[in-house]
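Chemist: Have a peek at query-v3.tsv (TSV, C-alpha atoms and all ligand atoms).
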```
chain	number	residue	atom	x	y	z
A	1	MET	CA	38.54	34.14	18.63
A	2	ASN	CA	39.21	31.67	21.41
A	3	LYS	CA	35.73	31.96	22.79
A	4	ASN	CA	34.21	31.87	19.30
A	5	MET	CA	35.78	28.50	18.50
A	6	ASN	CA	34.44	27.01	21.73
A	7	ARG	CA	31.05	28.34	20.79
A	8	GLU	CA	31.30	26.89	17.28
A	9	ILE	CA	32.11	23.43	18.60
A	10	GLU	CA	29.20	23.62	21.01
A	11	CYS	CA	27.02	24.64	18.04
A	12	LEU	CA	28.26	21.59	16.13
A	13	PHE	CA	27.31	19.41	19.07
A	14	ASN	CA	23.80	20.91	19.02
A	15	LEU	CA	23.67	20.59	15.25
A	16	GLN	CA	24.46	16.91	15.59
A	17	ARG	CA	21.54	16.49	17.99
A	18	LEU	CA	19.23	18.16	15.44
A	19	ASP	CA	20.64	16.08	12.58
A	20	LYS	CA	20.11	12.89	14.59
A	21	ARG	CA	16.51	13.87	15.20
A	22	ARG	CA	16.09	14.70	11.50
A	23	ALA	CA	17.45	11.28	10.49
A	24	GLU	CA	15.09	9.60	12.97
A	25	LEU	CA	12.11	11.53	11.60
A	26	GLU	CA	13.03	10.80	8.00
A	27	HIS	CA	13.29	7.12	8.82
A	28	LYS	CA	9.96	7.24	10.65
A	29	LEU	CA	8.37	8.96	7.63
A	30	ARG	CA	9.56	6.15	5.34
A	31	SER	CA	8.43	3.34	7.62
A	32	LEU	CA	5.08	4.34	9.12
A	33	PRO	CA	3.14	1.13	9.97
A	34	VAL	CA	-0.07	2.74	8.71
A	35	ALA	CA	1.57	3.20	5.27
A	36	ALA	CA	2.11	-0.57	5.09
A	37	GLU	CA	-1.53	-1.10	6.07
A	38	VAL	CA	-2.64	1.31	3.34
A	39	ARG	CA	-0.56	-0.55	0.73
A	40	GLU	CA	-1.94	-3.91	1.88
A	41	ILE	CA	-5.60	-2.89	1.87
A	42	ALA	CA	-5.20	-1.05	-1.47
A	43	GLY	CA	-3.76	-4.28	-2.87
A	44	THR	CA	-6.68	-6.41	-1.68
A	45	ILE	CA	-9.12	-3.78	-3.03
A	46	SER	CA	-7.65	-3.93	-6.52
A	47	ARG	CA	-7.69	-7.75	-6.41
A	48	ASP	CA	-11.34	-7.68	-5.26
A	49	GLU	CA	-12.21	-5.21	-8.02
A	50	ALA	CA	-10.72	-7.57	-10.61
A	51	VAL	CA	-12.73	-10.51	-9.21
A	52	ILE	CA	-15.93	-8.42	-9.24
A	53	ARG	CA	-15.31	-7.25	-12.81
A	54	GLU	CA	-14.88	-10.87	-13.88
A	55	MET	CA	-18.07	-11.92	-12.05
A	56	VAL	CA	-20.04	-9.09	-13.66
A	57	GLY	CA	-18.85	-10.33	-17.04
A	58	GLU	CA	-19.83	-13.92	-16.22
A	59	LEU	CA	-23.24	-12.78	-15.02
A	60	ALA	CA	-23.90	-10.84	-18.23
A	61	ALA	CA	-22.92	-13.88	-20.29
A	62	MET	CA	-25.21	-16.14	-18.22
A	63	LYS	CA	-28.13	-13.71	-18.60
A	64	LYS	CA	-27.55	-13.57	-22.35
A	65	GLY	CA	-27.55	-17.38	-22.37
A	66	GLN	CA	-30.79	-17.39	-20.41
A	67	LYS	CA	-32.47	-15.07	-22.95
A	68	GLU	CA	-31.29	-17.25	-25.83
A	69	LYS	CA	-32.58	-20.42	-24.19
A	70	GLU	CA	-35.92	-18.75	-23.37
A	71	TRP	CA	-36.25	-17.67	-26.99
A	72	GLU	CA	-35.34	-21.17	-28.18
A	73	LEU	CA	-37.92	-22.66	-25.79
A	74	ALA	CA	-40.62	-20.31	-27.06
A	75	GLU	CA	-39.80	-21.27	-30.66
A	76	ILE	CA	-39.84	-24.97	-29.89
A	77	THR	CA	-43.15	-24.62	-27.98
A	78	LYS	CA	-44.67	-22.82	-30.97
A	79	ASN	CA	-43.42	-25.56	-33.26
A	80	GLN	CA	-44.82	-28.20	-30.89
A	81	ALA	CA	-48.26	-26.51	-30.82
A	82	ALA	CA	-48.32	-26.35	-34.60
A	83	ILE	CA	-47.51	-30.06	-34.94
A	84	GLN	CA	-50.05	-30.99	-32.24
A	85	LYS	CA	-52.70	-28.97	-34.07
A	86	LYS	CA	-51.86	-30.75	-37.32
A	87	LEU	CA	-51.84	-34.15	-35.63
A	88	TYR	CA	-54.94	-33.88	-33.45
A	89	GLY	CA	-56.94	-31.46	-35.55
A	90	GLY	CA	-57.74	-34.21	-38.02
A	91	GLU	CA	-55.77	-32.45	-40.70
A	92	VAL	CA	-53.49	-35.44	-41.34
A	93	THR	CA	-54.90	-38.88	-41.99
A	94	ASN	CA	-52.04	-40.72	-43.60
A	95	PRO	CA	-50.69	-43.20	-40.96
A	96	ARG	CA	-47.10	-42.79	-42.18
A	97	GLU	CA	-47.37	-39.04	-41.89
A	98	ILE	CA	-48.99	-39.42	-38.47
A	99	GLY	CA	-46.12	-41.68	-37.38
A	100	GLY	CA	-43.59	-39.15	-38.64
A	101	LEU	CA	-45.25	-36.31	-36.76
A	102	GLU	CA	-45.39	-38.38	-33.57
A	103	VAL	CA	-41.64	-39.02	-33.78
A	104	LYS	CA	-41.10	-35.28	-34.31
A	105	LEU	CA	-43.29	-34.45	-31.30
A	106	ASN	CA	-41.37	-36.93	-29.21
A	107	ASN	CA	-38.05	-35.35	-30.20
A	108	ILE	CA	-39.40	-31.91	-29.51
A	109	GLU	CA	-40.51	-33.04	-26.04
A	110	ILE	CA	-36.98	-34.35	-25.29
A	111	CYS	CA	-35.44	-31.10	-26.54
A	112	LYS	CA	-37.88	-29.06	-24.49
A	113	ARG	CA	-37.15	-30.94	-21.27
A	114	LYS	CA	-33.42	-30.51	-21.80
A	115	LEU	CA	-33.87	-26.79	-22.45
A	116	GLU	CA	-36.05	-26.41	-19.36
A	117	ASP	CA	-33.50	-28.25	-17.20
A	118	ASP	CA	-30.70	-26.09	-18.63
A	119	LEU	CA	-32.72	-22.97	-17.90
A	120	VAL	CA	-33.39	-23.99	-14.29
A	121	GLY	CA	-29.68	-24.73	-13.79
A	122	LEU	CA	-28.70	-21.45	-15.40
A	123	MET	CA	-31.14	-19.46	-13.28
A	124	GLU	CA	-29.81	-21.10	-10.12
A	125	ARG	CA	-26.27	-20.19	-11.11
A	126	ILE	CA	-27.33	-16.62	-11.90
A	127	GLU	CA	-29.01	-16.31	-8.51
A	128	ALA	CA	-25.98	-17.71	-6.68
A	129	THR	CA	-23.61	-15.44	-8.61
A	130	GLU	CA	-25.78	-12.40	-7.89
A	131	GLU	CA	-25.75	-13.25	-4.18
A	132	THR	CA	-21.95	-13.69	-4.13
A	133	LEU	CA	-21.54	-10.48	-6.13
A	134	LYS	CA	-23.71	-8.61	-3.66
A	135	GLN	CA	-21.63	-9.85	-0.71
A	136	LYS	CA	-18.35	-9.07	-2.46
A	137	THR	CA	-19.55	-5.57	-3.38
A	138	GLU	CA	-20.56	-4.90	0.23
A	139	MET	CA	-17.19	-6.14	1.48
A	140	LEU	CA	-15.44	-3.97	-1.09
A	141	ALA	CA	-17.36	-0.90	0.09
A	142	GLU	CA	-16.33	-1.75	3.67
A	143	LYS	CA	-12.68	-2.05	2.62
A	144	ARG	CA	-12.86	1.27	0.75
A	145	ARG	CA	-14.18	2.98	3.88
A	146	LEU	CA	-11.33	1.42	5.88
A	147	LEU	CA	-8.79	2.54	3.27
A	148	GLU	CA	-10.13	6.08	3.38
A	149	SER	CA	-9.78	6.23	7.15
A	150	LEU	CA	-6.26	4.69	7.04
A	151	GLU	CA	-5.22	7.18	4.36
A	152	SER	CA	-6.48	10.01	6.48
A	153	ASP	CA	-4.47	8.64	9.46
A	154	LEU	CA	-1.42	8.38	7.23
A	155	ARG	CA	-1.79	11.97	5.99
A	156	GLY	CA	-2.15	13.14	9.59
A	157	GLN	CA	0.95	11.28	10.79
A	158	GLU	CA	3.01	12.38	7.79
A	159	GLY	CA	1.86	15.95	8.29
A	160	GLU	CA	3.01	15.95	11.92
A	161	ILE	CA	6.42	14.58	10.98
A	162	ARG	CA	6.82	17.06	8.11
A	163	ASP	CA	5.89	19.93	10.43
A	164	GLU	CA	8.55	18.82	12.90
A	165	LEU	CA	11.09	18.43	10.08
A	166	ALA	CA	10.32	21.94	8.87
A	167	ALA	CA	10.77	23.33	12.38
A	168	LEU	CA	14.04	21.40	12.70
A	169	ALA	CA	15.29	22.84	9.41
A	170	VAL	CA	14.71	26.38	10.69
A	171	GLN	CA	16.48	25.56	13.97
A	172	ARG	CA	19.33	23.90	12.10
A	173	GLU	CA	19.85	26.89	9.86
A	174	ALA	CA	20.08	29.19	12.86
A	175	VAL	CA	22.62	26.95	14.60
A	176	ALA	CA	24.63	26.26	11.43
A	177	SER	CA	24.93	29.98	10.70
A	178	GLU	CA	27.11	30.28	13.81
A	179	VAL	CA	29.68	27.84	12.43
A	180	THR	CA	32.28	28.81	9.81
A	181	GLY	CA	31.96	27.13	6.43
A	182	GLY	CA	35.18	25.09	6.64
A	183	LEU	CA	34.33	23.56	9.99
A	184	LEU	CA	30.77	22.90	8.91
A	185	ALA	CA	32.07	21.01	5.86
A	186	ILE	CA	34.36	18.87	8.06
A	187	TYR	CA	31.41	18.20	10.38
A	188	GLU	CA	29.16	17.14	7.51
A	189	GLN	CA	31.81	14.91	5.97
A	190	LEU	CA	32.40	13.25	9.38
A	191	LEU	CA	28.65	12.88	9.95
A	192	ARG	CA	28.42	10.83	6.74
A	193	SER	CA	31.55	8.76	7.29
A	194	LYS	CA	31.11	8.18	11.05
A	195	GLY	CA	27.58	6.86	11.17
A	196	GLY	CA	25.92	10.10	12.23
A	197	LEU	CA	28.36	10.88	15.05
A	198	ALA	CA	30.80	13.61	14.00
A	199	VAL	CA	31.22	15.31	17.36
A	200	ALA	CA	32.15	13.02	20.23
A	201	GLY	CA	31.57	14.07	23.78
A	202	VAL	CA	34.47	13.47	26.14
A	203	ARG	CA	33.80	12.15	29.62
A	204	GLY	CA	36.84	11.82	31.84
A	205	ASP	CA	39.50	11.03	29.24
A	206	ILE	CA	37.37	8.74	27.06
A	207	CYS	CA	36.33	9.61	23.50
A	208	GLY	CA	32.53	9.21	23.29
A	209	GLY	CA	32.88	8.11	19.66
A	210	CYS	CA	35.36	5.23	19.76
A	211	HIS	CA	35.61	4.80	23.58
A	212	VAL	CA	39.38	4.92	23.53
A	213	ALA	CA	41.28	6.80	26.24
A	214	LEU	CA	42.65	10.10	24.96
A	215	PRO	CA	46.29	11.05	25.52
A	216	THR	CA	46.96	13.65	28.22
A	217	PHE	CA	48.07	16.32	25.73
A	218	VAL	CA	44.76	16.01	23.88
A	219	ILE	CA	42.86	16.46	27.14
A	220	MET	CA	45.01	19.49	27.84
A	221	GLN	CA	44.29	20.94	24.41
A	222	LEU	CA	40.60	20.40	25.04
A	223	LYS	CA	40.74	22.05	28.42
A	224	ALA	CA	42.63	25.00	26.95
A	225	GLY	CA	39.92	25.32	24.31
A	226	GLY	CA	39.95	27.75	21.42
A	227	ARG	CA	40.74	25.19	18.71
A	228	VAL	CA	39.27	22.16	17.04
A	229	VAL	CA	40.64	19.02	18.65
A	230	ARG	CA	40.04	15.70	16.98
A	231	CYS	CA	40.36	12.18	18.33
A	232	GLU	CA	43.57	10.62	17.03
A	233	ASN	CA	41.89	7.24	16.91
A	234	CYS	CA	38.55	7.89	15.18
A	235	GLY	CA	39.05	11.39	13.81
A	236	ARG	CA	35.89	12.81	15.38
A	237	ILE	CA	35.74	16.37	16.65
A	238	LEU	CA	35.97	16.26	20.44
A	239	PHE	CA	33.64	18.20	22.67
A	240	ARG	CA	34.18	18.60	26.35
A	241	GLN	CA	30.81	18.17	28.02
A	242	ARG	CA	30.29	19.96	31.23
A	243	ALA	CA	29.15	17.24	33.59
B	301	ZN	ZN	37.54	8.59	19.09
```
Show this structure as structure tokens.
Modeler:
Amino acid sequence: MNKNMNREIECLFNLQRLDKRRAELEHKLRSLPVAAEVREIAGTISRDEAVIREMVGELAAMKKGQKEKEWELAEITKNQAAIQKKLYGGEVTNPREIGGLEVKLNNIEICKRKLEDDLVGLMERIEATEETLKQKTEMLAEKRRLLESLESDLRGQEGEIRDELAALAVQREAVASEVTGGLLAIYEQLLRSKGGLAVAGVRGDICGGCHVALPTFVIMQLKAGGRVVRCENCGRILFRQRA
């Protein structure tokens, strides 16, 4: 019985070491730098995708506009040819009618020039947009490759941590099985309330938890062993470490 209790307290001390490591690993798992990188690059990718989608839409609208203007230009040119044929083919002789047709031709010429200028401008904008789109698409592909490699790093790092956590859980179960339920419950309650330090090592006559000197009778109880001794100041379970 005496010996068993000493063993149980030593087990608790080991359990605490495993629980500390588990807490460290769980924290590490939640705060991997590569996870932040993955989130950042995934964010820029979705923003880039939105920009590209918008540009594709703009490009389609510009190309539709180009077709419409080309059609309009063809119609106007046909109209112009018809009037020119009428005017210079000797078909019309009435001076007033000739004057009217000349005004029409003049207007058509102005319209045509404007359409041609618009078309040139539109085509330049289409070309520039296509070039920008091409660059953005290439950059996006580059970012996607980077994301893939970062995600693979992340999976690797998470996998390693999870493997270690699984191994720790097995170890913990083995150690915990050596401690009686009541003591284990006290340990776990202390672990939560005392910032992860439930079992305080004692060096000399100092409590390793609160660093207060322990009364002589407590040291004597510890030396005698065979029972759970707790620090009167901080309430932690005391463990006499062999130096
Ligand atoms: Zn203490």
Chemist: Please list as a list of chain:residue names every residue within 8 Å of Val179 (chain A), counting only C-alpha atoms and excluding residues in the same chain fewer than 3 positions away.
Modeler: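 Once the nearby chain positions are removed, what remains is A:Glu8, A:Ile9, A:Cys11, A:Leu12, A:Val175, A:Ala176, A:Leu183, A:Leu184.
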Chemist: By how many Å are CA of Ala213 (chain A) and CA of Ser193 (chain A) apart?
Modeler: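 Separation between CA of Ala213 (chain A) and CA of Ser193 (chain A): 21.4 Å.
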Chemist: Around ligand ZN 301 (chain B), at most 10 Å away and counting only C-alpha atoms and all ligand atoms, which residues are there? Put them as a ChimeraX atom specification, please.
Modeler: /A:198-202,206-214,230-238
Chemist: Of the residues A:Leu191, A:Ile186, A:Ala61, A:Ala81, which is the one nearest to Lys104 (chain A), using all atoms listed in the file?
Modeler: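 Going through A:Leu191, A:Ile186, A:Ala61, A:Ala81 one by one, the smallest distance to Lys104 (chain A) is for A:Ala81.
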Chemist: For region 143-151 of chain A, work out the shell of residues within 12 Å, counting all atoms listed in the file and skipping chain neighbours fewer than 2 positions away, then give it as a count of residues only.
Modeler: 31
Chemist: Just the number, please: distance in Å from CA of Glu58 (chain A) to CA of Trp71 (chain A), one decimal.
Modeler: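 Value for the CA of Glu58 (chain A)-CA of Trp71 (chain A) distance: 20.0 Å.
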Chemist: List every protein, DNA or RNA residue with an atom no more than 12 Å from (27.1, 21.1, 29.3) in the file's coordinates, counting only C-alpha atoms, and format the result as a ChimeraX atom specification.
Modeler: /A:7,10-11,13-14,201-203,239-243
Chemist: So that I can see what lies close to Thr216 (chain A), please list as a PyMOL selection string the residues with an atom at most 8 Å from it, counting only C-alpha atoms and leaving out residues fewer than 3 positions away in the same chain.
Modeler: chain A and resi 205+219-220
Chemist: Using all atoms listed in the file, which residue out of A:Ala169, A:Leu59, A:Ala50, A:Ile108 lies closest to Arg21 (chain A)?
Modeler: A:Ala169
Chemist: List every residue of region 53-90 of chain A that has an atom at most 12 Å from any atom of region 129-134 of chain A, and for each one report the closest atom pair and its distance in Å to one decimal, counting all atoms listed in the file, with rows sorted by chain and then by increasing residue number, as JSON lines.
Modeler:
```
{"residue": "A:Arg53", "atom": "CA", "partner": "A:Leu133", "partner_atom": "CA", "distance": 9.7}
{"residue": "A:Glu54", "atom": "CA", "partner": "A:Leu133", "partner_atom": "CA", "distance": 10.2}
{"residue": "A:Met55", "atom": "CA", "partner": "A:Leu133", "partner_atom": "CA", "distance": 7.0}
{"residue": "A:Val56", "atom": "CA", "partner": "A:Leu133", "partner_atom": "CA", "distance": 7.8}
{"residue": "A:Gly57", "atom": "CA", "partner": "A:Thr129", "partner_atom": "CA", "distance": 10.9}
{"residue": "A:Glu58", "atom": "CA", "partner": "A:Thr129", "partner_atom": "CA", "distance": 8.6}
{"residue": "A:Leu59", "atom": "CA", "partner": "A:Thr129", "partner_atom": "CA", "distance": 6.9}
{"residue": "A:Ala60", "atom": "CA", "partner": "A:Glu130", "partner_atom": "CA", "distance": 10.6}
{"residue": "A:Ala61", "atom": "CA", "partner": "A:Thr129", "partner_atom": "CA", "distance": 11.8}
{"residue": "A:Met62", "atom": "CA", "partner": "A:Thr129", "partner_atom": "CA", "distance": 9.8}
{"residue": "A:Lys63", "atom": "CA", "partner": "A:Glu130", "partner_atom": "CA", "distance": 11.0}
```
Chemist: In terms of the shortest atom-to-atom distance over only C-alpha atoms, which of A:Glu188, A:Met123, A:Asn6, A:Gly90 is closest to Gln221 (chain A)?
Modeler: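 Among the listed residues, the smallest separation from Gln221 (chain A) belongs to A:Asn6.
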Chemist: Report, in Å with one decimal, the straight-line distance from CA of Glu116 (chain A) to CA of Gly65 (chain A).
Modeler: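 Between CA of Glu116 (chain A) and CA of Gly65 (chain A) the gap is 12.8 Å.
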Chemist: For a quick check of understanding, using all atoms listed in the file, which of A:His27, A:Arg172, A:Arg96, A:Lys112 has the smallest distance to Lys78 (chain A)?
Modeler: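 Using all atoms listed in the file, Lys78 (chain A) sits closest to A:Lys112.
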Chemist: Could you check the closest approach to Gln80 (chain A) for each of A:Asn106, A:Val92, A:Lys67, A:Ile98 and tell me which residue wins, using all atoms listed in the file?
Modeler: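 The shortest atom-to-atom distance to Gln80 (chain A) comes from A:Asn106.
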